[in-house]
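Source file final-v1.cif; content: mmCIF, C-alpha atoms.
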data_my_file
#
loop_
_atom_site.group_PDB
_atom_site.id
_atom_site.type_symbol
_atom_site.label_atom_id
_atom_site.label_comp_id
_atom_site.auth_asym_id
_atom_site.auth_seq_id
_atom_site.Cartn_x
_atom_site.Cartn_y
_atom_site.Cartn_z
ATOM 1 C CA TYR A 43 5.068 -0.221 6.749
ATOM 2 C CA VAL A 44 1.819 0.583 8.526
ATOM 3 C CA ARG A 45 1.467 2.023 12.016
ATOM 4 C CA ARG A 46 -1.925 3.507 12.736
ATOM 5 C CA GLU A 47 -1.576 4.734 16.310
ATOM 6 C CA GLU A 48 1.579 6.750 15.621
ATOM 7 C CA THR A 49 2.293 10.353 14.677
ATOM 8 C CA VAL A 50 3.190 11.263 11.110
ATOM 9 C CA THR A 51 6.605 12.481 12.273
ATOM 10 C CA ASN A 52 7.379 9.221 14.086
ATOM 11 C CA ASN A 53 6.252 7.197 11.055
ATOM 12 C CA ALA A 54 8.452 9.289 8.752
ATOM 13 C CA ILE A 55 11.458 8.880 11.056
ATOM 14 C CA ALA A 56 10.899 5.111 11.278
ATOM 15 C CA ILE A 57 10.640 4.763 7.478
ATOM 16 C CA ALA A 58 13.769 6.867 6.936
ATOM 17 C CA LYS A 59 15.658 4.753 9.474
ATOM 18 C CA MET A 60 14.482 1.452 7.919
ATOM 19 C CA SER A 61 15.527 2.650 4.451
ATOM 20 C CA MET A 62 18.912 4.040 5.489
ATOM 21 C CA ASP A 63 21.080 1.147 4.271
ATOM 22 C CA MET A 64 18.917 0.261 1.279
ATOM 23 C CA ARG A 65 19.397 1.283 -2.305
ATOM 24 C CA VAL A 66 15.897 2.615 -2.848
ATOM 25 C CA ALA A 67 14.980 2.959 -6.526
ATOM 26 C CA SER A 68 11.988 5.172 -5.921
ATOM 27 C CA THR A 69 9.360 6.041 -3.357
ATOM 28 C CA TRP A 70 5.759 6.780 -4.251
ATOM 29 C CA PHE A 71 3.220 8.578 -2.135
ATOM 30 C CA ASP A 72 -0.531 8.508 -2.269
ATOM 31 C CA PRO A 73 -1.538 11.876 -3.789
ATOM 32 C CA ARG A 74 -3.900 12.432 -0.862
ATOM 33 C CA LEU A 75 -0.840 12.970 1.372
ATOM 34 C CA LYS A 76 -0.271 16.346 -0.317
ATOM 35 C CA GLN A 77 -3.605 17.717 0.896
ATOM 36 C CA VAL A 78 -2.804 20.777 2.973
ATOM 37 C CA LYS A 79 -4.176 20.919 6.481
ATOM 38 C CA ALA A 80 -4.018 23.590 9.121
ATOM 39 C CA ASP A 81 -1.842 22.662 12.096
ATOM 40 C CA LEU A 82 -3.678 24.431 14.910
ATOM 41 C CA THR A 83 -0.836 23.830 17.385
ATOM 42 C CA LYS A 84 1.614 25.784 15.199
ATOM 43 C CA SER A 85 -0.688 28.062 13.154
ATOM 44 C CA VAL A 86 0.825 26.878 9.852
ATOM 45 C CA GLN A 87 -0.207 25.052 6.722
ATOM 46 C CA TRP A 88 0.953 21.441 6.815
ATOM 47 C CA SER A 89 0.757 18.222 4.807
ATOM 48 C CA VAL A 90 1.790 14.636 5.506
ATOM 49 C CA PHE A 91 3.887 14.714 2.305
ATOM 50 C CA ASP A 92 5.837 17.767 3.529
ATOM 51 C CA GLU A 93 6.402 16.146 6.927
ATOM 52 C CA TYR A 94 7.831 13.024 5.283
ATOM 53 C CA GLN A 95 10.144 15.186 3.153
ATOM 54 C CA ARG A 96 11.331 17.105 6.238
ATOM 55 C CA ASN A 97 12.234 13.832 7.932
ATOM 56 C CA GLY A 98 14.253 12.357 5.078
ATOM 57 C CA VAL A 99 11.642 10.281 3.240
ATOM 58 C CA HIS A 100 11.817 11.695 -0.279
ATOM 59 C CA GLY A 101 9.689 10.612 -3.158
ATOM 60 C CA GLN A 102 7.091 11.566 -5.658
ATOM 61 C CA LEU A 103 3.337 11.703 -5.653
ATOM 62 C CA SER A 104 1.675 9.001 -7.681
ATOM 63 C CA ASN A 105 -0.558 10.173 -10.487
ATOM 64 C CA LYS A 106 -2.479 6.891 -10.602
ATOM 65 C CA SER A 107 -6.102 6.738 -9.538
ATOM 66 C CA ARG A 108 -7.616 3.863 -7.608
ATOM 67 C CA ILE A 109 -9.118 2.521 -10.848
ATOM 68 C CA ASP A 110 -5.683 2.725 -12.519
ATOM 69 C CA ARG A 111 -4.163 0.752 -9.652
ATOM 70 C CA LEU A 112 -6.898 -1.885 -9.930
ATOM 71 C CA ALA A 113 -6.083 -2.256 -13.644
ATOM 72 C CA PHE A 114 -2.384 -2.744 -12.831
ATOM 73 C CA TRP A 115 -3.219 -5.371 -10.190
ATOM 74 C CA LYS A 116 -5.285 -7.224 -12.816
ATOM 75 C CA GLN A 117 -2.458 -6.929 -15.346
ATOM 76 C CA GLY A 118 0.121 -8.187 -12.843
ATOM 77 C CA LEU A 119 -1.968 -11.161 -11.706
ATOM 78 C CA LYS A 120 -3.177 -12.207 -15.178
ATOM 79 C CA LEU A 121 -1.868 -15.602 -16.253
ATOM 80 C CA ASP A 122 0.277 -15.465 -19.381
ATOM 81 C CA ASN A 123 1.170 -18.558 -21.434
ATOM 82 C CA GLY A 124 4.402 -16.843 -22.498
ATOM 83 C CA ARG A 125 5.686 -16.668 -18.908
ATOM 84 C CA ARG A 126 7.027 -19.539 -16.806
ATOM 85 C CA HIS A 127 6.303 -19.971 -13.128
ATOM 86 C CA TYR A 128 9.372 -19.254 -11.031
ATOM 87 C CA LEU A 129 9.088 -22.560 -9.117
ATOM 88 C CA THR A 130 7.643 -25.040 -11.610
ATOM 89 C CA HIS A 131 9.235 -23.428 -14.684
ATOM 90 C CA GLN A 132 5.986 -24.234 -16.519
ATOM 91 C CA PRO A 133 3.587 -21.829 -18.220
ATOM 92 C CA PRO A 134 1.332 -20.084 -17.553
ATOM 93 C CA ALA A 135 2.527 -17.621 -14.923
ATOM 94 C CA SER A 136 1.579 -14.195 -13.666
ATOM 95 C CA ARG A 137 3.934 -11.226 -13.599
ATOM 96 C CA ILE A 138 3.794 -10.988 -9.802
ATOM 97 C CA TYR A 139 3.723 -13.403 -6.897
ATOM 98 C CA ILE A 140 2.341 -12.833 -3.438
ATOM 99 C CA PHE A 141 4.380 -14.655 -0.830
ATOM 100 C CA ALA A 142 3.114 -15.944 2.524
ATOM 101 C CA SER A 143 5.216 -13.296 4.281
ATOM 102 C CA CYS A 144 2.924 -10.606 2.808
ATOM 103 C CA THR A 145 0.419 -11.129 5.607
ATOM 104 C CA GLN A 146 -1.211 -7.688 5.456
ATOM 105 C CA LEU A 147 -1.743 -7.903 1.712
ATOM 106 C CA ILE A 148 -3.151 -11.437 2.012
ATOM 107 C CA HIS A 149 -5.522 -10.154 4.700
ATOM 108 C CA GLU A 150 -6.678 -7.217 2.560
ATOM 109 C CA LEU A 151 -7.118 -8.664 -0.942
ATOM 110 C CA PRO A 152 -10.129 -10.921 -0.317
ATOM 111 C CA ARG A 153 -11.890 -8.106 1.567
ATOM 112 C CA LEU A 154 -11.708 -5.519 -1.221
ATOM 113 C CA GLN A 155 -15.079 -4.828 -2.755
ATOM 114 C CA TYR A 156 -15.341 -2.792 -5.934
ATOM 115 C CA ASN A 157 -18.691 -2.072 -7.491
ATOM 116 C CA GLU A 158 -18.890 -1.437 -11.223
ATOM 117 C CA ALA A 159 -15.074 -1.395 -11.562
ATOM 118 C CA ALA A 160 -15.383 -2.722 -15.108
ATOM 119 C CA THR A 161 -17.223 0.417 -16.193
ATOM 120 C CA GLY A 162 -14.530 2.661 -14.782
ATOM 121 C CA ALA A 163 -16.693 3.999 -11.979
ATOM 122 C CA GLU A 164 -14.869 4.099 -8.691
ATOM 123 C CA ASP A 165 -17.091 2.835 -5.922
ATOM 124 C CA ILE A 166 -15.207 1.016 -3.207
ATOM 125 C CA ARG A 167 -16.305 0.131 0.254
ATOM 126 C CA LYS A 168 -13.621 1.720 2.430
ATOM 127 C CA ILE A 169 -11.687 -0.871 4.402
ATOM 128 C CA ASP A 170 -8.074 -1.405 5.399
ATOM 129 C CA ASP A 171 -6.323 -1.239 2.049
ATOM 130 C CA ASP A 172 -2.870 0.185 2.785
ATOM 131 C CA ALA A 173 -0.907 -2.807 1.440
ATOM 132 C CA TYR A 174 -3.166 -3.018 -1.631
ATOM 133 C CA ASP A 175 -2.661 0.694 -2.353
ATOM 134 C CA ALA A 176 1.108 0.453 -1.848
ATOM 135 C CA GLY A 177 1.279 -2.570 -4.128
ATOM 136 C CA GLY A 178 -0.791 -0.718 -6.727
ATOM 137 C CA PHE A 179 1.658 2.207 -6.705
ATOM 138 C CA ILE A 180 4.592 -0.184 -7.172
ATOM 139 C CA LEU A 181 2.852 -2.147 -9.939
ATOM 140 C CA SER A 182 1.776 1.004 -11.770
ATOM 141 C CA TYR A 183 5.378 2.209 -11.778
ATOM 142 C CA LEU A 184 6.936 -1.093 -12.863
ATOM 143 C CA LEU A 185 4.308 -2.141 -15.390
ATOM 144 C CA SER A 186 3.997 1.366 -16.892
ATOM 145 C CA ARG A 187 7.747 1.434 -17.468
ATOM 146 C CA ASN A 188 7.567 -2.011 -18.996
ATOM 147 C CA VAL A 189 4.767 -1.016 -21.377
ATOM 148 C CA THR A 190 6.586 2.135 -22.523
ATOM 149 C CA GLY A 191 9.620 0.266 -23.771
ATOM 150 C CA ASN A 192 11.739 -0.547 -20.740
ATOM 151 C CA THR A 193 11.325 -4.300 -20.888
ATOM 152 C CA HIS A 194 14.228 -5.044 -18.569
ATOM 153 C CA ILE A 195 13.498 -4.865 -14.863
ATOM 154 C CA PRO A 196 16.853 -5.482 -13.146
ATOM 155 C CA LYS A 197 17.133 -8.481 -10.844
ATOM 156 C CA THR A 198 17.896 -7.745 -7.226
ATOM 157 C CA LYS A 199 19.595 -9.801 -4.584
ATOM 158 C CA SER A 200 16.841 -9.106 -2.084
ATOM 159 C CA PHE A 201 13.185 -8.327 -2.395
ATOM 160 C CA ILE A 202 11.181 -5.805 -0.501
ATOM 161 C CA GLY A 203 7.496 -6.458 -0.536
ATOM 162 C CA VAL A 204 4.331 -5.004 0.746
ATOM 163 C CA ARG A 205 3.506 -6.708 3.987
#
The structure given in the file should be rewritten as structure tokens.
Amino acid sequence: YVRREETVTNNAIAIAKMSMDMRVASTWFDPRLKQVKADLTKSVQWSVFDEYQRNGVHGQLSNKSRIDRLAFWKQGLKLDNGRRHYLTHQPPASRIYIFASCTQLIHELPRLQYNEAATGAEDIRKIDDDAYDAGGFILSYLLSRNVTGNTHIPKTKSFIGVR
């Protein structure tokens, strides 16, 4: 969900409404949303994270850096001879698939430009990367759990992706 020309409150309300009938396993927020700002119209301290919480969108702040998320994207997209493709049933296959309906993500991925990412230095040219970041939070959660011993990710009847 991305709406740039909208208030934080309206975005939070829209997300809460969209999620109302879903069984949400977890929600992750970019840690930058917790940065406190002064709301000059109300003379109070305020953060985007707090506003989401007030409007029914509850979750946790991610502790993964941009470099961590890049590593999880690489891990998820890496071809593995031990995995079978979900359509062809032939190896190799990646751990994740990006479907044509993920238009925002497909738009963003080829435009990302990291410099010196292999050395661990974070130097990215800032562009639209909301779907990439959201996908990185999801992958870091799922693949971290998988690495730490939870090898079973339950199958769902529907999929919610980053669009």
Evaluating the PyMOL selection byres ((chain A and resi 137-145) around 10) on the displayed file yields which residues, as a compact mmCIF listing (two decimals) with C-alpha atoms, in the frame of the given file?
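This is the output file expr-v8.txt:
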# COMPACT_ATOMS: atom_id res chain seq x y z
CA TRP A 115 -3.22 -5.37 -10.19
CA GLN A 117 -2.46 -6.93 -15.35
CA GLY A 118 0.12 -8.19 -12.84
CA LEU A 119 -1.97 -11.16 -11.71
CA LYS A 120 -3.18 -12.21 -15.18
CA LEU A 121 -1.87 -15.60 -16.25
CA ASP A 122 0.28 -15.46 -19.38
CA ARG A 125 5.69 -16.67 -18.91
CA ARG A 126 7.03 -19.54 -16.81
CA HIS A 127 6.30 -19.97 -13.13
CA TYR A 128 9.37 -19.25 -11.03
CA ALA A 135 2.53 -17.62 -14.92
CA SER A 136 1.58 -14.20 -13.67
CA GLN A 146 -1.21 -7.69 5.46
CA LEU A 147 -1.74 -7.90 1.71
CA ILE A 148 -3.15 -11.44 2.01
CA HIS A 149 -5.52 -10.15 4.70
CA GLU A 150 -6.68 -7.22 2.56
CA ALA A 173 -0.91 -2.81 1.44
CA LEU A 181 2.85 -2.15 -9.94
CA LEU A 185 4.31 -2.14 -15.39
CA GLY A 203 7.50 -6.46 -0.54
CA VAL A 204 4.33 -5.00 0.75
CA ARG A 205 3.51 -6.71 3.99
Show which residues sit within 10 Å of region 60-62 of chain A, as a compact mmCIF listing (two decimals) with C-alpha atoms, in the coordinates of the input. Count all atoms listed in the file, and ignore same-chain residues fewer than 4 positions away.
# COMPACT_ATOMS: atom_id res chain seq x y z
CA TYR A 43 5.07 -0.22 6.75
CA ALA A 54 8.45 9.29 8.75
CA ILE A 55 11.46 8.88 11.06
CA ALA A 56 10.90 5.11 11.28
CA VAL A 66 15.90 2.62 -2.85
CA GLY A 98 14.25 12.36 5.08
CA VAL A 99 11.64 10.28 3.24
Interatomic distance between CA of Ala67 (chain A) and CA of Ile180 (chain A)? 10.9 Å
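Take the candidates A:Arg108, A:Thr51, A:Asp72, A:Lys59 and check each one against Trp88 (chain A) using only C-alpha atoms; the shortest distance goes to A:Thr51.
Among the candidate residues A:Glu93, A:Asp63, A:Asp172, A:Asp110, the one lying nearest to Thr49 (chain A) is A:Glu93, with distances computed using all atoms listed in the file.
You can rank A:Ser68, A:Asn52, A:His131, A:Asn123 by their closest distance to Val90 (chain A) using only C-alpha atoms, and at the top of that list sits A:Asn52.
CA of Ser107 (chain A) lies 24.0 Å from CA of Asn53 (chain A).
Put simply, CA of Leu103 (chain A) is 4.7 Å away from CA of Phe71 (chain A).
Here the PyMOL selection byres ((chain A and resi 73) around 12) catches exactly these residues: Trp70, Phe71, Asp72, Arg74, Leu75, Lys76, Gln77, Val78, Ser89, Val90, Phe91, Asp92, Gly101, Gln102, Leu103, Ser104, Asn105, Lys106, Ser107, Arg108, Asp175, Ala176 and Phe179 of chain A.
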